[in-house]
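Reading through the structure tokens given below for one structure.
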Amino acid sequence: MANTYVQNYIHLVFHVKPKTTPLLKDDTERVFQYIGGIAKQLGGILIEIGGMPDHVHILTSLPKTMALADFMRTIKAESSKWIKTLNPYYGGFAWQEGYGAFSVSASVLQNVVQYIRNQAEHHKKLTFLDEYKMFLKAYGIEYDERFLPG
């Protein structure tokens, strides 16, 4: 085959490191836009990004030339570095180690988009930890409670 054709949609979730500074509500949109720009620069096709001051959801395609771990490492490192320049308040800001990465079928992309857009509503009823466990269980991922975010 002369060309490589890949479409890997992925729902990424990551959290602010515990005992560090969450995002200020007024900064969240700007931070999400910046993170989306990093994903695009790396070759991802950003479909949706959102979240809450303590965590981020990204729906994107994974670049065909980059491993998921490298994609996430770059997004988290570059965004963390940039966030620290926004305000002295963010001097100790850091993302928690690790992340959730869940494959998404093209047939349910719009469901995931709506899920990400409705984060404020979801979190009126559900903590981030409960949400994260829900994803892990839905995807059949075994986990150790000691290493969960939050």
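Note on naming: chains are A, B, ... as they come in the structure tokens, residues start from 1 per chain, ligands start from 1 in the order shown.
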Could you give me, as JSON lines, a per-residue list for region 104-141 of chain A showing, wherever an atom lies at most 12 Å from an atom of region 60-71 of chain A, the closest pair of atoms and their distance in Å to one decimal, using only C-alpha atoms and sorting by chain then residue number from low to high?
```
{"residue": "A:Val104", "atom": "CA", "partner": "A:Ser61", "partner_atom": "CA", "distance": 9.4}
{"residue": "A:Ser105", "atom": "CA", "partner": "A:Ser61", "partner_atom": "CA", "distance": 10.9}
{"residue": "A:Ala106", "atom": "CA", "partner": "A:Ser61", "partner_atom": "CA", "distance": 10.4}
{"residue": "A:Leu109", "atom": "CA", "partner": "A:Thr60", "partner_atom": "CA", "distance": 9.8}
{"residue": "A:Val112", "atom": "CA", "partner": "A:Thr60", "partner_atom": "CA", "distance": 10.7}
{"residue": "A:Val113", "atom": "CA", "partner": "A:Thr60", "partner_atom": "CA", "distance": 10.2}
{"residue": "A:Ile116", "atom": "CA", "partner": "A:Thr60", "partner_atom": "CA", "distance": 11.9}
```
Written selection (N, CA and C atoms) as a JSON list (two decimals), in the first residue's frame:
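Output file again.json follows:
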```
[["chain", "number", "residue", "atom", "x", "y", "z"],
["A", 104, "VAL", "N", -12.77, 6.15, 20.64],
["A", 104, "VAL", "CA", -14.14, 6.56, 20.34],
["A", 104, "VAL", "C", -14.46, 6.20, 18.90],
["A", 105, "SER", "N", -15.56, 5.53, 18.71],
["A", 105, "SER", "CA", -16.03, 5.18, 17.37],
["A", 105, "SER", "C", -16.60, 6.43, 16.69],
["A", 106, "ALA", "N", -16.41, 6.53, 15.39],
["A", 106, "ALA", "CA", -16.95, 7.66, 14.63],
["A", 106, "ALA", "C", -18.46, 7.78, 14.82],
["A", 109, "LEU", "N", -19.20, 10.06, 17.99],
["A", 109, "LEU", "CA", -18.44, 11.30, 18.20],
["A", 109, "LEU", "C", -19.33, 12.41, 18.77],
["A", 112, "VAL", "N", -19.98, 12.17, 22.47],
["A", 112, "VAL", "CA", -18.83, 12.57, 23.27],
["A", 112, "VAL", "C", -18.68, 14.09, 23.26],
["A", 113, "VAL", "N", -18.91, 14.72, 22.11],
["A", 113, "VAL", "CA", -18.88, 16.18, 22.03],
["A", 113, "VAL", "C", -19.87, 16.77, 23.03],
["A", 116, "ILE", "N", -18.70, 16.41, 26.63],
["A", 116, "ILE", "CA", -17.66, 17.38, 26.99],
["A", 116, "ILE", "C", -18.27, 18.77, 27.16]]
```
note - CA of Leu148 (chain A) and CA of Phe135 (chain A) are separated by 12.1 Å
Could you find all residues in chain A that DSSP calls alpha helix (DSSP H) from the backbone, and write them as number ranges by chain?
-> A: 28-41, 68-83, 109-117, 119-125, 128-138
From A:Ala77, A:Ala2, A:Ile83, A:Ile58, residue lying nearest Val31 (chain A) [only C-alpha atoms] | A:Ile83
Do a neighbour search on Ser103 (chain A) at 7 Å with only C-alpha atoms, toss out local chain neighbours closer than 6 positions, and write the hits as a list in words.
-> Tyr9, Ile10 and His11 of chain A
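For Glu29 (chain A), the set of protein, DNA and RNA residues having any atom at most 12 Å away, when counting only C-alpha atoms and skipping those fewer than 4 positions along the same chain, is Leu23, Leu24, Lys25, Gln33, Tyr34, Ile35, Gly36, Ile49, Gly50, Gly51, Met52, Pro53, Val56 and Arg117 of chain A.
In this structure, CA of Met72 (chain A) sits 14.5 Å away from CA of Asn8 (chain A).
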d(CA of Ser80 (chain A), CA of Asp26 (chain A)) in Å = 16.7 Å
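You can rank A:Leu59, A:Lys19, A:Glu145, A:Asn3 by their closest distance to Val108 (chain A) using only C-alpha atoms, and at the top of that list sits A:Leu59.
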Run DSSP on the backbone of this structure and report the residues of chain A it assigns to strand (DSSP E), as a ChimeraX atom specification.
-> /A:9-15,46-52,55-61,100-103
Any chance you could export the current selection's C-alpha atoms as a PDB file, in the first residue's frame?
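Now in selection-v2.pdb:
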```pdb
ATOM      1  CA  TYR A   9     -10.458   9.200  17.606  1.00  0.00           C
ATOM      2  CA  ILE A  10      -9.548   9.420  21.258  1.00  0.00           C
ATOM      3  CA  HIS A  11     -11.158  10.946  24.337  1.00  0.00           C
ATOM      4  CA  LEU A  12      -8.402  12.159  26.656  1.00  0.00           C
ATOM      5  CA  VAL A  13      -8.945  13.085  30.292  1.00  0.00           C
ATOM      6  CA  PHE A  14      -6.391  14.481  32.712  1.00  0.00           C
ATOM      7  CA  HIS A  15      -6.464  16.218  36.074  1.00  0.00           C
ATOM      8  CA  LEU A  46      -9.265  18.701  17.490  1.00  0.00           C
ATOM      9  CA  ILE A  47     -12.974  17.937  17.668  1.00  0.00           C
ATOM     10  CA  GLU A  48     -13.855  19.256  21.136  1.00  0.00           C
ATOM     11  CA  ILE A  49     -12.151  20.402  24.315  1.00  0.00           C
ATOM     12  CA  GLY A  50     -13.590  21.386  27.665  1.00  0.00           C
ATOM     13  CA  GLY A  51     -13.736  20.448  31.279  1.00  0.00           C
ATOM     14  CA  MET A  52     -13.666  22.083  34.660  1.00  0.00           C
ATOM     15  CA  HIS A  55      -9.588  18.655  34.755  1.00  0.00           C
ATOM     16  CA  VAL A  56      -9.617  18.607  30.960  1.00  0.00           C
ATOM     17  CA  HIS A  57     -11.457  16.510  28.357  1.00  0.00           C
ATOM     18  CA  ILE A  58     -10.131  16.457  24.788  1.00  0.00           C
ATOM     19  CA  LEU A  59     -11.756  14.708  21.840  1.00  0.00           C
ATOM     20  CA  THR A  60      -9.235  14.549  19.029  1.00  0.00           C
ATOM     21  CA  SER A  61      -7.778  12.305  16.427  1.00  0.00           C
ATOM     22  CA  GLY A 100      -7.172   8.492  30.671  1.00  0.00           C
ATOM     23  CA  ALA A 101      -7.309   7.730  26.952  1.00  0.00           C
ATOM     24  CA  PHE A 102     -10.434   6.127  25.549  1.00  0.00           C
ATOM     25  CA  SER A 103     -10.993   5.148  21.919  1.00  0.00           C
TER      26      SER A 103
END
```
When you look at Lys84 (chain A) with a cut-off of 12 Å (counting only C-alpha atoms), what residues show up, excluding the ones that are within fewer than 4 positions of it in the same chain? I need them as a PDB file with N, CA and C atoms, in the first residue's frame.
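Once everything was written out, this is selection24.pdb:
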```pdb
ATOM      1  N   THR A  21      -2.533  24.150  42.392  1.00  0.00           N
ATOM      2  CA  THR A  21      -3.465  25.208  42.050  1.00  0.00           C
ATOM      3  C   THR A  21      -4.389  24.805  40.912  1.00  0.00           C
ATOM      4  N   PRO A  22      -5.706  24.767  41.140  1.00  0.00           N
ATOM      5  CA  PRO A  22      -6.600  24.524  40.003  1.00  0.00           C
ATOM      6  C   PRO A  22      -6.653  25.770  39.119  1.00  0.00           C
ATOM      7  N   LEU A  23      -7.161  25.609  37.936  1.00  0.00           N
ATOM      8  CA  LEU A  23      -7.327  26.759  37.051  1.00  0.00           C
ATOM      9  C   LEU A  23      -8.363  27.705  37.627  1.00  0.00           C
ATOM     10  N   ASP A  27      -9.899  31.649  33.531  1.00  0.00           N
ATOM     11  CA  ASP A  27      -8.806  31.238  32.645  1.00  0.00           C
ATOM     12  C   ASP A  27      -9.088  29.936  31.894  1.00  0.00           C
ATOM     13  N   VAL A  31      -7.126  28.479  28.521  1.00  0.00           N
ATOM     14  CA  VAL A  31      -6.254  27.312  28.674  1.00  0.00           C
ATOM     15  C   VAL A  31      -6.696  26.200  27.728  1.00  0.00           C
ATOM     16  N   ALA A  77       3.131  19.003  29.180  1.00  0.00           N
ATOM     17  CA  ALA A  77       4.337  19.787  29.488  1.00  0.00           C
ATOM     18  C   ALA A  77       4.227  21.212  28.933  1.00  0.00           C
ATOM     19  N   GLU A  78       3.838  21.327  27.665  1.00  0.00           N
ATOM     20  CA  GLU A  78       3.759  22.658  27.039  1.00  0.00           C
ATOM     21  C   GLU A  78       2.671  23.516  27.678  1.00  0.00           C
ATOM     22  N   SER A  79       1.519  22.914  27.970  1.00  0.00           N
ATOM     23  CA  SER A  79       0.441  23.707  28.569  1.00  0.00           C
ATOM     24  C   SER A  79       0.791  24.114  29.993  1.00  0.00           C
ATOM     25  N   SER A  80       1.412  23.227  30.756  1.00  0.00           N
ATOM     26  CA  SER A  80       1.803  23.554  32.120  1.00  0.00           C
ATOM     27  C   SER A  80       2.795  24.717  32.142  1.00  0.00           C
ATOM     28  N   PRO A  88       1.081  34.901  38.610  1.00  0.00           N
ATOM     29  CA  PRO A  88       1.886  34.330  39.704  1.00  0.00           C
ATOM     30  C   PRO A  88       1.124  33.276  40.518  1.00  0.00           C
ATOM     31  N   TYR A  89      -0.191  33.360  40.524  1.00  0.00           N
ATOM     32  CA  TYR A  89      -1.036  32.372  41.200  1.00  0.00           C
ATOM     33  C   TYR A  89      -0.702  30.948  40.754  1.00  0.00           C
ATOM     34  N   TYR A  90      -0.282  30.793  39.492  1.00  0.00           N
ATOM     35  CA  TYR A  90      -0.008  29.471  38.930  1.00  0.00           C
ATOM     36  C   TYR A  90       1.437  29.007  39.117  1.00  0.00           C
ATOM     37  N   GLY A  91       2.191  29.654  39.981  1.00  0.00           N
ATOM     38  CA  GLY A  91       3.598  29.309  40.162  1.00  0.00           C
ATOM     39  C   GLY A  91       3.852  27.840  40.444  1.00  0.00           C
ATOM     40  N   GLY A  92       2.972  27.203  41.203  1.00  0.00           N
ATOM     41  CA  GLY A  92       3.149  25.790  41.537  1.00  0.00           C
ATOM     42  C   GLY A  92       2.261  24.856  40.736  1.00  0.00           C
ATOM     43  N   PHE A  93       1.698  25.362  39.635  1.00  0.00           N
ATOM     44  CA  PHE A  93       0.757  24.556  38.854  1.00  0.00           C
ATOM     45  C   PHE A  93       1.426  23.329  38.248  1.00  0.00           C
ATOM     46  N   ALA A  94       0.694  22.220  38.239  1.00  0.00           N
ATOM     47  CA  ALA A  94       1.166  21.000  37.570  1.00  0.00           C
ATOM     48  C   ALA A  94      -0.028  20.110  37.257  1.00  0.00           C
ATOM     49  N   TRP A  95       0.080  19.376  36.160  1.00  0.00           N
ATOM     50  CA  TRP A  95      -0.898  18.337  35.860  1.00  0.00           C
ATOM     51  C   TRP A  95      -0.498  17.087  36.609  1.00  0.00           C
TER      52      TRP A  95
END
```
